[in-house]
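K.L.:
data.txt is the file, holding compact mmCIF, C-alpha atoms:
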# COMPACT_ATOMS: atom_id res chain seq x y z
CA MET A 27 -155.25 -63.22 73.85
CA SER A 28 -155.46 -59.59 75.05
CA ASP A 29 -151.90 -59.85 76.46
CA GLU A 30 -150.63 -61.05 73.09
CA LEU A 31 -152.38 -58.23 71.24
CA ALA A 32 -151.05 -55.64 73.69
CA LEU A 33 -147.48 -56.89 73.39
CA ALA A 34 -147.80 -56.95 69.60
CA LYS A 35 -148.94 -53.32 69.70
CA LEU A 36 -145.93 -52.29 71.78
CA LYS A 37 -143.64 -54.22 69.43
CA SER A 38 -145.13 -52.42 66.41
CA SER A 39 -143.75 -49.19 67.87
CA GLY A 40 -140.40 -50.80 68.63
CA ILE A 41 -141.00 -50.62 72.38
CA ASN A 42 -138.90 -52.90 74.59
CA SER A 43 -140.36 -51.94 77.99
CA THR A 44 -142.79 -54.39 79.59
CA LEU A 45 -146.42 -53.71 80.41
CA ALA A 46 -145.51 -53.77 84.11
CA GLU A 47 -142.74 -51.18 83.65
CA LEU A 48 -145.20 -48.94 81.82
CA HIS A 49 -147.99 -49.49 84.39
CA MET A 50 -150.19 -50.63 81.51
CA VAL A 51 -152.78 -53.40 81.58
CA ALA A 52 -154.12 -55.53 78.73
CA LEU A 53 -157.93 -55.79 78.88
CA SER A 54 -160.27 -58.25 77.23
CA GLY A 55 -163.33 -57.04 75.31
CA PRO A 56 -165.72 -57.38 78.29
CA GLU A 57 -163.16 -55.75 80.61
CA THR A 58 -162.86 -52.82 78.21
CA ALA A 59 -166.64 -52.38 77.96
CA ALA A 60 -166.86 -52.34 81.76
CA GLN A 61 -164.56 -49.30 82.00
CA GLY A 62 -167.15 -46.74 80.97
CA GLY A 63 -170.30 -45.94 79.09
CA GLY A 64 -169.84 -46.10 75.34
CA PHE A 65 -166.67 -48.21 75.47
CA GLN A 66 -166.62 -50.89 72.79
CA SER A 67 -166.32 -54.55 73.77
CA VAL A 68 -162.97 -55.19 72.10
CA PRO A 69 -159.55 -55.86 73.63
CA SER A 70 -157.67 -52.73 74.65
CA LEU A 71 -154.50 -51.44 76.26
CA LYS A 72 -155.20 -49.48 79.43
CA ILE A 73 -152.78 -46.54 79.69
CA PRO A 74 -152.84 -44.83 83.10
CA TYR A 75 -151.17 -41.43 83.37
CA ILE A 76 -148.51 -41.13 86.08
CA ASP A 77 -147.55 -37.97 87.98
CA PRO A 78 -143.95 -37.23 86.90
CA ARG A 79 -142.98 -35.94 90.33
CA THR A 80 -144.67 -38.30 92.76
CA GLY A 81 -145.05 -41.45 90.67
CA GLY A 82 -148.68 -41.55 91.77
CA PRO A 83 -151.86 -41.06 89.72
CA LEU A 84 -152.10 -37.98 87.51
CA SER A 85 -155.47 -36.28 87.18
CA HIS A 86 -156.84 -33.30 85.29
CA ARG A 87 -157.89 -31.47 88.45
CA PRO A 88 -157.16 -32.04 92.16
CA HIS A 89 -159.24 -34.88 93.63
CA TRP A 90 -160.40 -36.02 90.18
CA PRO A 91 -159.91 -39.70 89.24
CA GLN A 92 -156.68 -40.77 87.59
CA PHE A 93 -156.59 -39.82 83.94
CA THR A 94 -156.51 -42.93 81.77
CA ARG A 95 -156.70 -43.60 78.07
CA TYR A 96 -157.50 -46.86 76.31
CA ARG A 97 -155.98 -47.97 73.04
CA TYR A 98 -158.34 -50.30 71.17
CA LEU A 99 -156.56 -53.39 69.85
CA ALA A 100 -159.20 -54.13 67.22
CA ASP A 101 -160.94 -52.01 64.60
CA VAL A 102 -163.71 -49.82 66.00
CA GLN A 103 -165.85 -47.50 63.89
CA GLY A 104 -166.71 -44.12 65.37
CA LYS A 105 -170.01 -42.32 64.81
CA ASP A 106 -168.35 -40.39 61.99
CA GLY A 107 -167.47 -43.64 60.21
CA LYS A 108 -163.75 -43.23 60.86
CA THR A 109 -161.63 -45.78 62.69
CA LYS A 110 -161.51 -44.98 66.40
CA ARG A 111 -158.23 -46.01 68.04
CA TYR A 112 -158.47 -44.42 71.49
CA THR A 113 -161.12 -43.69 74.07
CA GLN A 114 -161.38 -42.36 77.61
CA THR A 115 -164.05 -41.89 80.24
CA SER A 116 -166.13 -38.81 79.45
CA ASP A 117 -165.61 -35.58 81.40
CA THR A 118 -162.13 -36.47 82.63
CA GLY A 119 -160.41 -33.57 80.86
CA VAL A 120 -156.95 -33.87 79.35
CA CYS A 121 -153.51 -34.61 80.78
CA THR A 122 -149.97 -34.93 79.50
CA TYR A 123 -148.34 -38.35 79.34
CA PHE A 124 -144.90 -38.82 80.90
CA PRO A 125 -143.50 -42.29 80.11
CA PRO A 126 -142.72 -43.79 83.54
CA ILE A 127 -139.36 -45.17 82.44
CA LEU A 128 -137.41 -41.94 83.04
CA ASN A 129 -136.50 -39.99 86.16
CA TRP A 130 -138.73 -37.06 85.25
CA ALA A 131 -138.32 -35.29 88.59
CA ALA A 132 -134.73 -34.38 87.65
CA ILE A 133 -135.69 -33.28 84.15
CA LEU A 134 -138.63 -31.09 85.14
CA ASP A 135 -136.56 -28.68 87.21
CA ASP A 136 -133.50 -28.47 84.96
CA PRO A 137 -134.13 -26.45 81.79
CA HIS A 138 -130.79 -27.60 80.39
CA HIS A 139 -132.62 -30.82 79.55
CA GLY A 140 -134.20 -30.32 76.15
CA ILE A 141 -137.41 -32.28 75.62
CA ALA A 142 -139.72 -33.29 72.80
CA ILE A 143 -143.51 -33.17 72.74
CA THR A 144 -145.32 -35.56 70.42
CA GLU A 145 -148.80 -36.97 69.80
CA GLY A 146 -149.47 -40.42 71.26
CA GLU A 147 -148.17 -42.29 74.27
CA LEU A 148 -146.41 -45.11 72.44
CA LYS A 149 -144.36 -42.69 70.38
CA ALA A 150 -143.19 -40.91 73.52
CA ILE A 151 -142.22 -44.21 75.14
CA LYS A 152 -140.13 -45.24 72.15
CA ALA A 153 -138.36 -41.88 72.03
CA CYS A 154 -137.58 -42.10 75.77
CA GLU A 155 -136.14 -45.58 75.23
CA MET A 156 -133.89 -44.05 72.56
CA GLY A 157 -132.62 -41.45 75.05
CA VAL A 158 -134.80 -38.48 74.05
CA PRO A 159 -136.96 -37.22 76.95
CA THR A 160 -140.37 -37.02 75.30
CA ILE A 161 -143.84 -36.33 76.64
CA ALA A 162 -147.07 -36.94 74.78
CA LEU A 163 -150.41 -35.30 74.16
CA GLY A 164 -153.37 -37.58 73.50
CA GLY A 165 -154.03 -35.50 70.40
CA VAL A 166 -152.52 -32.37 68.90
CA ASN A 167 -155.23 -30.21 70.52
CA ASN A 168 -155.06 -31.91 73.91
CA ILE A 169 -153.07 -29.08 75.46
CA LYS A 170 -156.24 -27.33 76.58
CA SER A 171 -159.80 -28.16 77.61
CA VAL A 172 -162.69 -25.89 76.69
CA LYS A 173 -165.07 -27.77 78.99
CA THR A 174 -162.97 -27.16 82.09
CA CYS A 175 -161.59 -23.75 81.02
CA MET A 176 -158.00 -25.03 81.16
CA GLU A 177 -155.48 -23.30 78.90
CA PHE A 178 -152.38 -25.29 79.90
CA PRO A 179 -152.08 -28.53 81.92
CA HIS A 180 -151.02 -28.09 85.54
CA GLU A 181 -148.36 -30.80 85.23
CA LEU A 182 -146.71 -28.77 82.47
CA GLU A 183 -147.21 -25.50 84.32
CA ALA A 184 -145.09 -26.93 87.14
CA MET A 185 -142.07 -27.43 84.86
CA VAL A 186 -139.19 -24.96 84.68
CA TRP A 187 -139.40 -23.58 81.15
CA PRO A 188 -137.12 -20.52 80.73
CA GLN A 189 -134.45 -21.24 78.09
CA ARG A 190 -135.53 -24.87 77.72
CA ARG A 191 -135.43 -26.11 74.13
CA VAL A 192 -138.57 -27.97 73.10
CA ALA A 193 -139.06 -29.89 69.86
CA ILE A 194 -142.70 -30.22 68.80
CA ILE A 195 -142.93 -33.41 66.72
CA PHE A 196 -146.38 -34.27 65.39
CA ASP A 197 -147.24 -36.87 62.75
CA ASN A 198 -146.55 -36.10 59.11
CA ASP A 199 -149.64 -36.84 57.04
CA GLY A 200 -148.00 -35.77 53.81
CA ALA A 201 -149.51 -32.42 52.83
CA PRO A 202 -149.48 -29.84 55.67
CA ASN A 203 -152.68 -30.11 57.73
CA PRO A 204 -154.01 -26.65 58.75
CA ASN A 205 -155.46 -28.05 61.98
CA VAL A 206 -152.11 -29.58 62.95
CA LEU A 207 -150.29 -26.35 62.10
CA GLU A 208 -152.73 -24.37 64.22
CA ALA A 209 -152.28 -26.78 67.15
CA ALA A 210 -148.47 -26.64 66.87
CA ASN A 211 -148.55 -22.84 66.78
CA TYR A 212 -150.81 -22.71 69.83
CA LEU A 213 -148.52 -25.02 71.78
CA ALA A 214 -145.43 -23.08 70.69
CA GLY A 215 -147.06 -19.82 71.77
CA GLU A 216 -147.88 -21.17 75.23
CA LEU A 217 -144.33 -22.45 75.63
CA GLU A 218 -142.83 -19.14 74.49
CA GLN A 219 -144.93 -17.25 77.03
CA ARG A 220 -143.28 -19.38 79.73
CA GLY A 221 -139.78 -18.69 78.46
CA ALA A 222 -139.14 -21.88 76.47
CA ILE A 223 -137.53 -22.01 73.03
CA PRO A 224 -139.88 -24.13 70.89
CA TYR A 225 -139.13 -25.65 67.51
CA TRP A 226 -141.38 -27.51 65.11
CA LEU A 227 -139.56 -30.59 63.85
CA ARG A 228 -141.42 -31.85 60.81
CA LEU A 229 -140.91 -35.52 60.09
CA PRO A 230 -140.03 -36.57 56.53
CA ALA A 231 -142.78 -37.97 54.34
CA SER A 232 -142.88 -41.76 54.29
CA THR A 233 -142.60 -43.86 51.15
CA GLY A 234 -145.96 -44.10 49.44
CA GLY A 235 -147.42 -41.15 51.33
CA ALA A 236 -148.48 -43.07 54.46
CA LYS A 237 -148.55 -41.25 57.78
CA MET A 238 -145.14 -40.91 59.44
CA GLY A 239 -145.04 -40.88 63.25
CA LEU A 240 -142.13 -40.39 65.64
CA ASP A 241 -141.96 -44.12 66.38
Show me this structure written as structure tokens.
P.N.:
Amino acid sequence: MSDELALAKLKSSGINSTLAELHMVALSGPETAAQGGGFQSVPSLKIPYIDPRTGGPLSHRPHWPQFTRYRYLADVQGKDGKTKRYTQTSDTGVCTYFPPILNWAAILDDPHHGIAITEGELKAIKACEMGVPTIALGGVNNIKSVKTCMEFPHELEAMVWPQRRVAIIFDNDGAPNPNVLEAANYLAGELEQRGAIPYWLRLPASTGGAKMGLD
């Protein structure tokens, strides 16, 4: 059942890559709950983050465990009453997601390769399948970590940025969201400091005012 739900989730984003190609694992409810304290006992999609240079585990800090996020495949209510779609083990920081279906090692060192940065792993995967090198943040503010005093992820710091064009493509919720604008400006500022040429590409509003994502 969890495999079917996971595949349906990938299909909803138009993704053709297999779970194996993405290094993802479908978990049952009990398997999800066993991943960490506070995890809900519902099926989930385990999304491990892969180092774009080595192909090995990517972690927030050296010698830390591999950074992993979990996409719930059933409705879960957070403490604030809102639907909670993702979770991760506490105190694991933040990392940037590089879909493991591209040869990122060649892209990282060649600033002639323009890239996109979006919010959400599945959106980045779909864009990469369409031929647009795209990396993902877990959330629009997941470019820094106050808890660990990190201003910019080390995996991004290692990229060659001067003169690289970068499209920042976050979800369009209809009316401009001040928090999203602030996050986009922060990211653009960090990229500019490193010599990149950032753009904010605002997606068109969807019919009926529903959220529009890159996928």
K.L.:
Return as CSV the residues of segment 81-106 of chain A lying at most 12 Å from segment 153-168 of chain A, together with the closest atom-to-atom pair for each and the distance in Å to one decimal, counting all atoms listed in the file, with rows in chain order and ascending residue number.
P.N.:
residue,atom,partner,partner_atom,distance
A:His86,CA,A:Asn168,CA,11.6
A:Phe93,CA,A:Gly164,CA,11.2
A:Thr94,CA,A:Gly164,CA,10.3
A:Arg95,CA,A:Gly164,CA,8.3
A:Tyr96,CA,A:Gly164,CA,10.5
A:Arg97,CA,A:Gly164,CA,10.7
K.L.:
Which residues, written as a list of chain:residue names, have at least one atom at most 9 Å from segment 129-131 of chain A, with only C-alpha atoms counted and residues fewer than 5 positions away on the same chain left out?
P.N.:
A:Pro78, A:Arg79, A:Thr80, A:Phe124, A:Pro159
K.L.:
Near Arg228 of chain A, counting all atoms listed in the file, which residues have an atom at most 12 Å away, once you skip same-chain residues fewer than 6 positions from it, shown as a short mmCIF file (atom, residue, chain, number, x, y, z; two decimals) with C-alpha atoms, in the frame of the given file?
P.N.:
data_model
loop_
_atom_site.label_atom_id
_atom_site.label_comp_id
_atom_site.auth_asym_id
_atom_site.auth_seq_id
_atom_site.Cartn_x
_atom_site.Cartn_y
_atom_site.Cartn_z
CA THR A 144 -145.32 -35.56 70.42
CA ALA A 193 -139.06 -29.89 69.86
CA ILE A 194 -142.70 -30.22 68.80
CA ILE A 195 -142.93 -33.41 66.72
CA PHE A 196 -146.38 -34.27 65.39
CA ASP A 197 -147.24 -36.87 62.75
CA ASN A 198 -146.55 -36.10 59.11
CA ASP A 199 -149.64 -36.84 57.04
CA GLY A 200 -148.00 -35.77 53.81
CA ALA A 201 -149.51 -32.42 52.83
CA PRO A 202 -149.48 -29.84 55.67
CA ASN A 203 -152.68 -30.11 57.73
CA VAL A 206 -152.11 -29.58 62.95
CA LEU A 207 -150.29 -26.35 62.10
CA ALA A 210 -148.47 -26.64 66.87
CA MET A 238 -145.14 -40.91 59.44
CA GLY A 239 -145.04 -40.88 63.25
CA LEU A 240 -142.13 -40.39 65.64
#
K.L.:
At what distance in Å, to one decimal, does atom CA of Tyr98 of chain A lie from atom CA of Thr113 of chain A?
P.N.:
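Atom CA of Thr113 of chain A sits 7.7 Å away from atom CA of Tyr98 of chain A.
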K.L.:
What is the atom CA of Leu31 of chain A to atom CA of Gly107 of chain A distance in Å?
P.N.:
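Those two atoms sit 23.7 Å apart.
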K.L.:
Excluding Thr115 of chain A and residues on its chain fewer than 4 positions from it, collect all residues at most 12 Å away from it, counting only C-alpha atoms, and give them as a list of chain:residue names.
P.N.:
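Listing them by chain and then by number gives A:Thr58, A:Ala59, A:Ala60, A:Gln61, A:Gly62, A:Gly63, A:Gly64, A:Phe65, A:Gln66, A:Lys72, A:Pro74, A:Pro91, A:Gln92, A:Phe93, A:Thr94, A:Arg95, A:Tyr96, A:Gly119, A:Val120.
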K.L.:
Per residue of segment 134-161 of chain A within 12 Å of segment 172-183 of chain A, note the shortest atom pair and the distance in Å to one decimal, counting only C-alpha atoms, and order the rows by chain and increasing residue number, as CSV.
P.N.:
residue,atom,partner,partner_atom,distance
A:Leu134,CA,A:Leu182,CA,8.8
A:Asp135,CA,A:Leu182,CA,11.2
A:Ile143,CA,A:Leu182,CA,11.1
A:Ile161,CA,A:Leu182,CA,10.0
K.L.:
How would the residues just chosen look if you wrote them out with C-alpha atoms as a compact mmCIF listing (two decimals), in the frame of the given file?
P.N.:
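For reference, out14.txt as written:
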# COMPACT_ATOMS: atom_id res chain seq x y z
CA LEU A 134 -138.63 -31.09 85.14
CA ASP A 135 -136.56 -28.68 87.21
CA ILE A 143 -143.51 -33.17 72.74
CA ILE A 161 -143.84 -36.33 76.64
K.L.:
I need the residue nearest Arg191 of chain A from this list: A:Leu229, A:Ala209, A:Ile169, A:Ile141. Use all atoms listed in the file for the distance.
P.N.:
A:Ile141
K.L.:
At a cut-off of 8 Å, using all atoms listed in the file, what residues contact segment 34-39 of chain A? Leave out same-chain residues fewer than 6 positions from it and give the result as a VMD selection string.
P.N.:
chain A and resid 99 148 to 149 152 241
K.L.:
Using Å and a single decimal, report how far atom CA of Pro69 of chain A sits from atom CA of Ala46 of chain A.
P.N.:
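Straight-line distance from atom CA of Ala46 of chain A to atom CA of Pro69 of chain A works out to 17.6 Å.
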K.L.:
For Ile76 of chain A, which residue among A:Glu147, A:Glu30, A:Asp136, A:Asp106 is the nearest when counting all atoms listed in the file?
P.N.:
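Selected residue with least distance to Ile76 of chain A: A:Glu147.
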K.L.:
Residues near Leu48 of chain A, anyone? I mean within 10 Å using all atoms listed in the file, not counting same-chain ones fewer than 6 positions away, as a tab-separated table (two decimals) with C-alpha atoms, in the coordinates of the input.
P.N.:
chain	number	residue	atom	x	y	z
A	73	ILE	CA	-152.78	-46.54	79.69
A	74	PRO	CA	-152.84	-44.83	83.10
A	75	TYR	CA	-151.17	-41.43	83.37
A	76	ILE	CA	-148.51	-41.13	86.08
A	125	PRO	CA	-143.50	-42.29	80.11
A	126	PRO	CA	-142.72	-43.79	83.54
A	127	ILE	CA	-139.36	-45.17	82.44
A	151	ILE	CA	-142.22	-44.21	75.14
